[in-house]
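A.B. asks: Below is entry37.pdb; it holds PDB, C-alpha atoms.
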```
ATOM      1  CA  MET A   1     -12.965   3.421 -23.672  1.00  0.00           C
ATOM      2  CA  LEU A   2     -13.168   3.537 -19.895  1.00  0.00           C
ATOM      3  CA  GLU A   3      -9.753   1.886 -19.628  1.00  0.00           C
ATOM      4  CA  GLU A   4      -8.210   4.681 -21.717  1.00  0.00           C
ATOM      5  CA  VAL A   5      -9.774   7.344 -19.525  1.00  0.00           C
ATOM      6  CA  VAL A   6      -8.567   5.591 -16.351  1.00  0.00           C
ATOM      7  CA  GLU A   7      -5.073   5.271 -17.824  1.00  0.00           C
ATOM      8  CA  PHE A   8      -5.079   8.934 -18.866  1.00  0.00           C
ATOM      9  CA  ALA A   9      -6.256  10.124 -15.449  1.00  0.00           C
ATOM     10  CA  GLY A  10      -3.815   7.739 -13.760  1.00  0.00           C
ATOM     11  CA  GLU A  11      -2.954   8.629 -10.226  1.00  0.00           C
ATOM     12  CA  ALA A  12      -5.457  11.466 -10.044  1.00  0.00           C
ATOM     13  CA  LEU A  13      -8.315   9.006  -9.655  1.00  0.00           C
ATOM     14  CA  PRO A  14      -9.439   7.719  -6.252  1.00  0.00           C
ATOM     15  CA  GLY A  15      -7.590   4.552  -5.396  1.00  0.00           C
ATOM     16  CA  GLY A  16      -4.474   5.643  -7.288  1.00  0.00           C
ATOM     17  CA  ASN A  17      -1.021   5.189  -5.834  1.00  0.00           C
ATOM     18  CA  ALA A  18      -0.218   8.864  -5.346  1.00  0.00           C
ATOM     19  CA  MET A  19      -1.093  11.045  -2.410  1.00  0.00           C
ATOM     20  CA  PRO A  20      -4.003  13.303  -3.352  1.00  0.00           C
ATOM     21  CA  PRO A  21      -3.143  16.933  -4.009  1.00  0.00           C
ATOM     22  CA  TYR A  22      -3.433  19.226  -1.034  1.00  0.00           C
ATOM     23  CA  SER A  23      -5.670  21.745  -2.760  1.00  0.00           C
ATOM     24  CA  GLU A  24      -7.941  22.134  -5.742  1.00  0.00           C
ATOM     25  CA  THR A  25      -5.433  24.568  -7.218  1.00  0.00           C
ATOM     26  CA  GLN A  26      -2.625  22.027  -6.996  1.00  0.00           C
ATOM     27  CA  PHE A  27      -4.894  19.351  -8.477  1.00  0.00           C
ATOM     28  CA  LEU A  28      -5.692  21.573 -11.479  1.00  0.00           C
ATOM     29  CA  VAL A  29      -1.984  22.334 -11.974  1.00  0.00           C
ATOM     30  CA  GLU A  30      -1.090  18.634 -11.914  1.00  0.00           C
ATOM     31  CA  LEU A  31      -3.973  17.800 -14.238  1.00  0.00           C
ATOM     32  CA  GLY A  32      -2.852  20.498 -16.669  1.00  0.00           C
ATOM     33  CA  GLU A  33       0.686  19.132 -16.625  1.00  0.00           C
ATOM     34  CA  ARG A  34      -0.639  15.642 -17.456  1.00  0.00           C
ATOM     35  CA  VAL A  35      -2.720  16.979 -20.358  1.00  0.00           C
ATOM     36  CA  ARG A  36       0.293  18.888 -21.710  1.00  0.00           C
ATOM     37  CA  SER A  37       2.707  15.967 -21.359  1.00  0.00           C
ATOM     38  CA  SER A  38       0.215  13.579 -22.994  1.00  0.00           C
ATOM     39  CA  ARG A  39      -0.299  16.008 -25.866  1.00  0.00           C
ATOM     40  CA  MET A  40       3.425  16.528 -26.342  1.00  0.00           C
ATOM     41  CA  HIS A  41       4.070  12.771 -26.160  1.00  0.00           C
ATOM     42  CA  CYS A  42       1.938  12.512 -29.318  1.00  0.00           C
ATOM     43  CA  SER A  43       3.785  15.455 -30.930  1.00  0.00           C
ATOM     44  CA  MET A  44       0.433  17.227 -31.085  1.00  0.00           C
ATOM     45  CA  SER A  45       0.019  21.005 -31.100  1.00  0.00           C
ATOM     46  CA  ARG A  46      -2.654  22.729 -29.071  1.00  0.00           C
ATOM     47  CA  ARG A  47      -4.307  23.720 -32.321  1.00  0.00           C
ATOM     48  CA  GLU A  48      -4.476  20.095 -33.453  1.00  0.00           C
ATOM     49  CA  LEU A  49      -5.840  18.956 -30.070  1.00  0.00           C
ATOM     50  CA  ALA A  50      -8.420  21.750 -30.223  1.00  0.00           C
ATOM     51  CA  ARG A  51      -9.547  20.631 -33.671  1.00  0.00           C
ATOM     52  CA  LYS A  52      -9.746  16.954 -32.694  1.00  0.00           C
ATOM     53  CA  SER A  53     -11.473  17.523 -29.348  1.00  0.00           C
ATOM     54  CA  GLY A  54     -13.796  20.394 -30.256  1.00  0.00           C
ATOM     55  CA  ILE A  55     -12.377  22.447 -27.359  1.00  0.00           C
ATOM     56  CA  SER A  56     -10.943  25.888 -28.072  1.00  0.00           C
ATOM     57  CA  GLU A  57      -7.179  26.259 -28.208  1.00  0.00           C
ATOM     58  CA  ARG A  58      -7.418  29.067 -25.668  1.00  0.00           C
ATOM     59  CA  TYR A  59      -9.299  26.876 -23.176  1.00  0.00           C
ATOM     60  CA  ILE A  60      -6.790  24.054 -23.650  1.00  0.00           C
ATOM     61  CA  ALA A  61      -4.039  26.566 -22.812  1.00  0.00           C
ATOM     62  CA  GLN A  62      -5.931  27.486 -19.632  1.00  0.00           C
ATOM     63  CA  ILE A  63      -6.322  23.823 -18.669  1.00  0.00           C
ATOM     64  CA  GLU A  64      -2.641  23.131 -19.280  1.00  0.00           C
ATOM     65  CA  GLY A  65      -1.771  26.191 -17.223  1.00  0.00           C
ATOM     66  CA  GLY A  66      -3.828  24.922 -14.282  1.00  0.00           C
ATOM     67  CA  LYS A  67      -6.352  27.740 -14.658  1.00  0.00           C
ATOM     68  CA  GLY A  68      -9.285  25.950 -16.271  1.00  0.00           C
ATOM     69  CA  ASN A  69     -11.708  24.112 -14.005  1.00  0.00           C
ATOM     70  CA  VAL A  70     -12.400  21.436 -16.593  1.00  0.00           C
ATOM     71  CA  SER A  71     -15.478  19.199 -16.540  1.00  0.00           C
ATOM     72  CA  ILE A  72     -15.349  15.421 -16.721  1.00  0.00           C
ATOM     73  CA  VAL A  73     -16.981  15.550 -20.167  1.00  0.00           C
ATOM     74  CA  LEU A  74     -14.260  17.857 -21.514  1.00  0.00           C
ATOM     75  CA  LEU A  75     -11.590  15.616 -19.984  1.00  0.00           C
ATOM     76  CA  LEU A  76     -13.155  12.681 -21.802  1.00  0.00           C
ATOM     77  CA  ARG A  77     -13.020  14.604 -25.092  1.00  0.00           C
ATOM     78  CA  LEU A  78      -9.359  15.525 -24.525  1.00  0.00           C
ATOM     79  CA  ALA A  79      -8.440  11.974 -23.533  1.00  0.00           C
ATOM     80  CA  SER A  80     -10.225  10.535 -26.568  1.00  0.00           C
ATOM     81  CA  ALA A  81      -8.489  12.921 -28.980  1.00  0.00           C
ATOM     82  CA  ILE A  82      -5.069  12.182 -27.473  1.00  0.00           C
ATOM     83  CA  HIS A  83      -5.713   8.441 -27.395  1.00  0.00           C
ATOM     84  CA  ARG A  84      -6.724   8.408 -31.065  1.00  0.00           C
ATOM     85  CA  SER A  85      -3.477  10.222 -31.929  1.00  0.00           C
ATOM     86  CA  GLN A  86      -1.420   7.733 -29.896  1.00  0.00           C
ATOM     87  CA  ARG A  87      -2.965   4.811 -31.783  1.00  0.00           C
ATOM     88  CA  LYS A  88      -2.215   6.425 -35.150  1.00  0.00           C
ATOM     89  CA  ALA A  89       1.402   7.068 -34.118  1.00  0.00           C
ATOM     90  CA  ALA A  90       1.932   3.448 -33.057  1.00  0.00           C
TER      91      ALA A  90
END
```
Rewrite the structure from the file as structure tokens, please.
C.D. replies:
Amino acid sequence: MLEEVVEFAGEALPGGNAMPPYSETQFLVELGERVRSSRMHCSMSRRELARKSGISERYIAQIEGGKGNVSIVLLLRLASAIHRSQRKAA
């Protein structure tokens, strides 16, 4: 499970290949973009991700928009829901 979370977080984690974002705001925007692109890669709607992760659709929209200051636990729930959908699609 940890490998999936590390893969999902990718370059945002310490030790990644990318330069760290210059601000918390930019970090949240980039994180939101990664959540959205991962969700769309699985052809998953926000509603479906909300149902599978137990996170409200509205809050997912805020996260994807770079407005939600998401906790690590919620990121884990999002990553797990997306990962499960990727495995089913494969």
A.B. asks: Selected by the PyMOL selection byres ((chain A and resi 42) around 8) in the shown coordinates: which residues, as an mmCIF file with C-alpha atoms, in the coordinates of the input?
C.D. replies:
```cif
data_model
loop_
_atom_site.group_PDB
_atom_site.id
_atom_site.type_symbol
_atom_site.label_atom_id
_atom_site.label_comp_id
_atom_site.auth_asym_id
_atom_site.auth_seq_id
_atom_site.Cartn_x
_atom_site.Cartn_y
_atom_site.Cartn_z
ATOM 1 C CA SER A 38 0.215 13.579 -22.994
ATOM 2 C CA ARG A 39 -0.299 16.008 -25.866
ATOM 3 C CA MET A 40 3.425 16.528 -26.342
ATOM 4 C CA HIS A 41 4.070 12.771 -26.160
ATOM 5 C CA SER A 43 3.785 15.455 -30.930
ATOM 6 C CA MET A 44 0.433 17.227 -31.085
ATOM 7 C CA ILE A 82 -5.069 12.182 -27.473
ATOM 8 C CA SER A 85 -3.477 10.222 -31.929
ATOM 9 C CA GLN A 86 -1.420 7.733 -29.896
ATOM 10 C CA ALA A 89 1.402 7.068 -34.118
#
```
A.B. asks: Rounded to one decimal place, report the atom CA of A:Arg36-atom CA of A:Ser71 distance in Å.
C.D. replies: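 The value is 16.6 Å.
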A.B. asks: For the PyMOL selection byres ((chain A and resi 70) around 12), applied here, can you spell out every residue it catches as a list in words?
C.D. replies: Glu24, Phe27, Leu28, Val29, Leu31, Gly32, Val35, Ile55, Tyr59, Ile60, Ala61, Gln62, Ile63, Glu64, Gly65, Gly66, Lys67, Gly68, Asn69, Ser71, Ile72, Val73, Leu74, Leu75, Leu76, Arg77 and Leu78 of chain A
A.B. asks: Write the selection just made, keeping C-alpha atoms, as a compact mmCIF listing (two decimals), in the frame of the given file?
C.D. replies:
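again_2.txt was written with the following content:
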```txt
# COMPACT_ATOMS: atom_id res chain seq x y z
CA GLU A 24 -7.94 22.13 -5.74
CA PHE A 27 -4.89 19.35 -8.48
CA LEU A 28 -5.69 21.57 -11.48
CA VAL A 29 -1.98 22.33 -11.97
CA LEU A 31 -3.97 17.80 -14.24
CA GLY A 32 -2.85 20.50 -16.67
CA VAL A 35 -2.72 16.98 -20.36
CA ILE A 55 -12.38 22.45 -27.36
CA TYR A 59 -9.30 26.88 -23.18
CA ILE A 60 -6.79 24.05 -23.65
CA ALA A 61 -4.04 26.57 -22.81
CA GLN A 62 -5.93 27.49 -19.63
CA ILE A 63 -6.32 23.82 -18.67
CA GLU A 64 -2.64 23.13 -19.28
CA GLY A 65 -1.77 26.19 -17.22
CA GLY A 66 -3.83 24.92 -14.28
CA LYS A 67 -6.35 27.74 -14.66
CA GLY A 68 -9.28 25.95 -16.27
CA ASN A 69 -11.71 24.11 -14.00
CA SER A 71 -15.48 19.20 -16.54
CA ILE A 72 -15.35 15.42 -16.72
CA VAL A 73 -16.98 15.55 -20.17
CA LEU A 74 -14.26 17.86 -21.51
CA LEU A 75 -11.59 15.62 -19.98
CA LEU A 76 -13.16 12.68 -21.80
CA ARG A 77 -13.02 14.60 -25.09
CA LEU A 78 -9.36 15.52 -24.52
```
A.B. asks: Rounded to one decimal in Å, what is the spacing between atom CA of A:Glu33 and atom CA of A:Ser56?
C.D. replies: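 Atom-to-atom, atom CA of A:Glu33 to atom CA of A:Ser56, that is 17.7 Å.
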A.B. asks: What does the structure give for the distance between atom CA of A:Ser80 and atom CA of A:Lys52, in Å to one decimal?
C.D. replies: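 Computed distance, atom CA of A:Ser80 to atom CA of A:Lys52, equals 8.9 Å.
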A.B. asks: Since the input lacks some atoms of stretch 49-60 of chain A, please model all heavy atoms and print them as a PDB file, in the coordinates of the input.
C.D. replies:
```pdb
ATOM      1  N   LEU A  49      -5.001  19.523 -31.133  1.00  0.00           N
ATOM      2  CA  LEU A  49      -5.840  18.956 -30.070  1.00  0.00           C
ATOM      3  C   LEU A  49      -7.186  19.675 -30.024  1.00  0.00           C
ATOM      4  O   LEU A  49      -8.223  19.035 -29.853  1.00  0.00           O
ATOM      5  CB  LEU A  49      -5.131  19.034 -28.716  1.00  0.00           C
ATOM      6  CG  LEU A  49      -5.898  18.485 -27.526  1.00  0.00           C
ATOM      7  CD1 LEU A  49      -6.303  17.026 -27.731  1.00  0.00           C
ATOM      8  CD2 LEU A  49      -5.054  18.622 -26.251  1.00  0.00           C
ATOM      9  N   ALA A  50      -7.167  20.981 -30.210  1.00  0.00           N
ATOM     10  CA  ALA A  50      -8.420  21.750 -30.223  1.00  0.00           C
ATOM     11  C   ALA A  50      -9.330  21.269 -31.354  1.00  0.00           C
ATOM     12  O   ALA A  50     -10.528  21.043 -31.147  1.00  0.00           O
ATOM     13  CB  ALA A  50      -8.116  23.238 -30.380  1.00  0.00           C
ATOM     14  N   ARG A  51      -8.756  21.081 -32.523  1.00  0.00           N
ATOM     15  CA  ARG A  51      -9.547  20.631 -33.671  1.00  0.00           C
ATOM     16  C   ARG A  51     -10.116  19.236 -33.438  1.00  0.00           C
ATOM     17  O   ARG A  51     -11.291  18.989 -33.689  1.00  0.00           O
ATOM     18  CB  ARG A  51      -8.674  20.638 -34.919  1.00  0.00           C
ATOM     19  CG  ARG A  51      -9.399  20.308 -36.198  1.00  0.00           C
ATOM     20  CD  ARG A  51      -8.500  20.386 -37.427  1.00  0.00           C
ATOM     21  NE  ARG A  51      -7.241  19.668 -37.299  1.00  0.00           N
ATOM     22  CZ  ARG A  51      -7.098  18.341 -37.390  1.00  0.00           C
ATOM     23  NH1 ARG A  51      -8.153  17.598 -37.599  1.00  0.00           N
ATOM     24  NH2 ARG A  51      -5.913  17.782 -37.283  1.00  0.00           N
ATOM     25  N   LYS A  52      -9.308  18.334 -32.885  1.00  0.00           N
ATOM     26  CA  LYS A  52      -9.746  16.954 -32.694  1.00  0.00           C
ATOM     27  C   LYS A  52     -10.711  16.783 -31.526  1.00  0.00           C
ATOM     28  O   LYS A  52     -11.501  15.851 -31.508  1.00  0.00           O
ATOM     29  CB  LYS A  52      -8.535  16.042 -32.494  1.00  0.00           C
ATOM     30  CG  LYS A  52      -7.723  15.875 -33.753  1.00  0.00           C
ATOM     31  CD  LYS A  52      -6.567  14.928 -33.551  1.00  0.00           C
ATOM     32  CE  LYS A  52      -5.846  14.714 -34.871  1.00  0.00           C
ATOM     33  NZ  LYS A  52      -4.822  13.685 -34.744  1.00  0.00           N
ATOM     34  N   SER A  53     -10.626  17.667 -30.532  1.00  0.00           N
ATOM     35  CA  SER A  53     -11.473  17.523 -29.348  1.00  0.00           C
ATOM     36  C   SER A  53     -12.701  18.423 -29.370  1.00  0.00           C
ATOM     37  O   SER A  53     -13.641  18.211 -28.603  1.00  0.00           O
ATOM     38  CB  SER A  53     -10.667  17.815 -28.081  1.00  0.00           C
ATOM     39  OG  SER A  53     -10.286  19.181 -28.031  1.00  0.00           O
ATOM     40  N   GLY A  54     -12.681  19.444 -30.232  1.00  0.00           N
ATOM     41  CA  GLY A  54     -13.796  20.394 -30.256  1.00  0.00           C
ATOM     42  C   GLY A  54     -13.749  21.385 -29.099  1.00  0.00           C
ATOM     43  O   GLY A  54     -14.741  22.030 -28.792  1.00  0.00           O
ATOM     44  N   ILE A  55     -12.584  21.512 -28.467  1.00  0.00           N
ATOM     45  CA  ILE A  55     -12.377  22.447 -27.359  1.00  0.00           C
ATOM     46  C   ILE A  55     -11.462  23.549 -27.872  1.00  0.00           C
ATOM     47  O   ILE A  55     -10.489  23.271 -28.576  1.00  0.00           O
ATOM     48  CB  ILE A  55     -11.743  21.724 -26.151  1.00  0.00           C
ATOM     49  CG1 ILE A  55     -12.670  20.601 -25.677  1.00  0.00           C
ATOM     50  CG2 ILE A  55     -11.449  22.701 -25.018  1.00  0.00           C
ATOM     51  CD1 ILE A  55     -12.022  19.666 -24.670  1.00  0.00           C
ATOM     52  N   SER A  56     -11.737  24.788 -27.532  1.00  0.00           N
ATOM     53  CA  SER A  56     -10.943  25.888 -28.072  1.00  0.00           C
ATOM     54  C   SER A  56      -9.483  25.786 -27.625  1.00  0.00           C
ATOM     55  O   SER A  56      -9.171  25.312 -26.530  1.00  0.00           O
ATOM     56  CB  SER A  56     -11.519  27.240 -27.652  1.00  0.00           C
ATOM     57  OG  SER A  56     -11.220  27.519 -26.301  1.00  0.00           O
ATOM     58  N   GLU A  57      -8.615  26.251 -28.505  1.00  0.00           N
ATOM     59  CA  GLU A  57      -7.179  26.259 -28.208  1.00  0.00           C
ATOM     60  C   GLU A  57      -6.895  27.100 -26.958  1.00  0.00           C
ATOM     61  O   GLU A  57      -6.059  26.744 -26.131  1.00  0.00           O
ATOM     62  CB  GLU A  57      -6.433  26.814 -29.420  1.00  0.00           C
ATOM     63  CG  GLU A  57      -4.943  26.711 -29.338  1.00  0.00           C
ATOM     64  CD  GLU A  57      -4.256  27.195 -30.608  1.00  0.00           C
ATOM     65  OE1 GLU A  57      -4.921  27.365 -31.652  1.00  0.00           O
ATOM     66  OE2 GLU A  57      -3.033  27.387 -30.544  1.00  0.00           O
ATOM     67  N   ARG A  58      -7.604  28.191 -26.829  1.00  0.00           N
ATOM     68  CA  ARG A  58      -7.418  29.067 -25.668  1.00  0.00           C
ATOM     69  C   ARG A  58      -7.788  28.344 -24.363  1.00  0.00           C
ATOM     70  O   ARG A  58      -7.096  28.465 -23.355  1.00  0.00           O
ATOM     71  CB  ARG A  58      -8.263  30.323 -25.845  1.00  0.00           C
ATOM     72  CG  ARG A  58      -8.088  31.319 -24.739  1.00  0.00           C
ATOM     73  CD  ARG A  58      -8.871  32.564 -25.022  1.00  0.00           C
ATOM     74  NE  ARG A  58      -8.668  33.521 -23.950  1.00  0.00           N
ATOM     75  CZ  ARG A  58      -9.150  34.714 -23.930  1.00  0.00           C
ATOM     76  NH1 ARG A  58      -9.868  35.142 -24.942  1.00  0.00           N
ATOM     77  NH2 ARG A  58      -8.947  35.511 -22.917  1.00  0.00           N
ATOM     78  N   TYR A  59      -8.887  27.595 -24.386  1.00  0.00           N
ATOM     79  CA  TYR A  59      -9.299  26.876 -23.176  1.00  0.00           C
ATOM     80  C   TYR A  59      -8.323  25.748 -22.854  1.00  0.00           C
ATOM     81  O   TYR A  59      -8.020  25.505 -21.687  1.00  0.00           O
ATOM     82  CB  TYR A  59     -10.728  26.349 -23.316  1.00  0.00           C
ATOM     83  CG  TYR A  59     -11.306  25.874 -22.000  1.00  0.00           C
ATOM     84  CD1 TYR A  59     -11.361  26.718 -20.895  1.00  0.00           C
ATOM     85  CD2 TYR A  59     -11.763  24.585 -21.848  1.00  0.00           C
ATOM     86  CE1 TYR A  59     -11.862  26.287 -19.683  1.00  0.00           C
ATOM     87  CE2 TYR A  59     -12.273  24.142 -20.639  1.00  0.00           C
ATOM     88  CZ  TYR A  59     -12.324  25.002 -19.569  1.00  0.00           C
ATOM     89  OH  TYR A  59     -12.818  24.557 -18.359  1.00  0.00           O
ATOM     90  N   ILE A  60      -7.799  25.083 -23.885  1.00  0.00           N
ATOM     91  CA  ILE A  60      -6.790  24.054 -23.650  1.00  0.00           C
ATOM     92  C   ILE A  60      -5.561  24.678 -22.985  1.00  0.00           C
ATOM     93  O   ILE A  60      -4.988  24.101 -22.057  1.00  0.00           O
ATOM     94  CB  ILE A  60      -6.428  23.328 -24.966  1.00  0.00           C
ATOM     95  CG1 ILE A  60      -7.617  22.474 -25.420  1.00  0.00           C
ATOM     96  CG2 ILE A  60      -5.171  22.459 -24.791  1.00  0.00           C
ATOM     97  CD1 ILE A  60      -7.466  21.867 -26.804  1.00  0.00           C
TER      98      ILE A  60
END
```
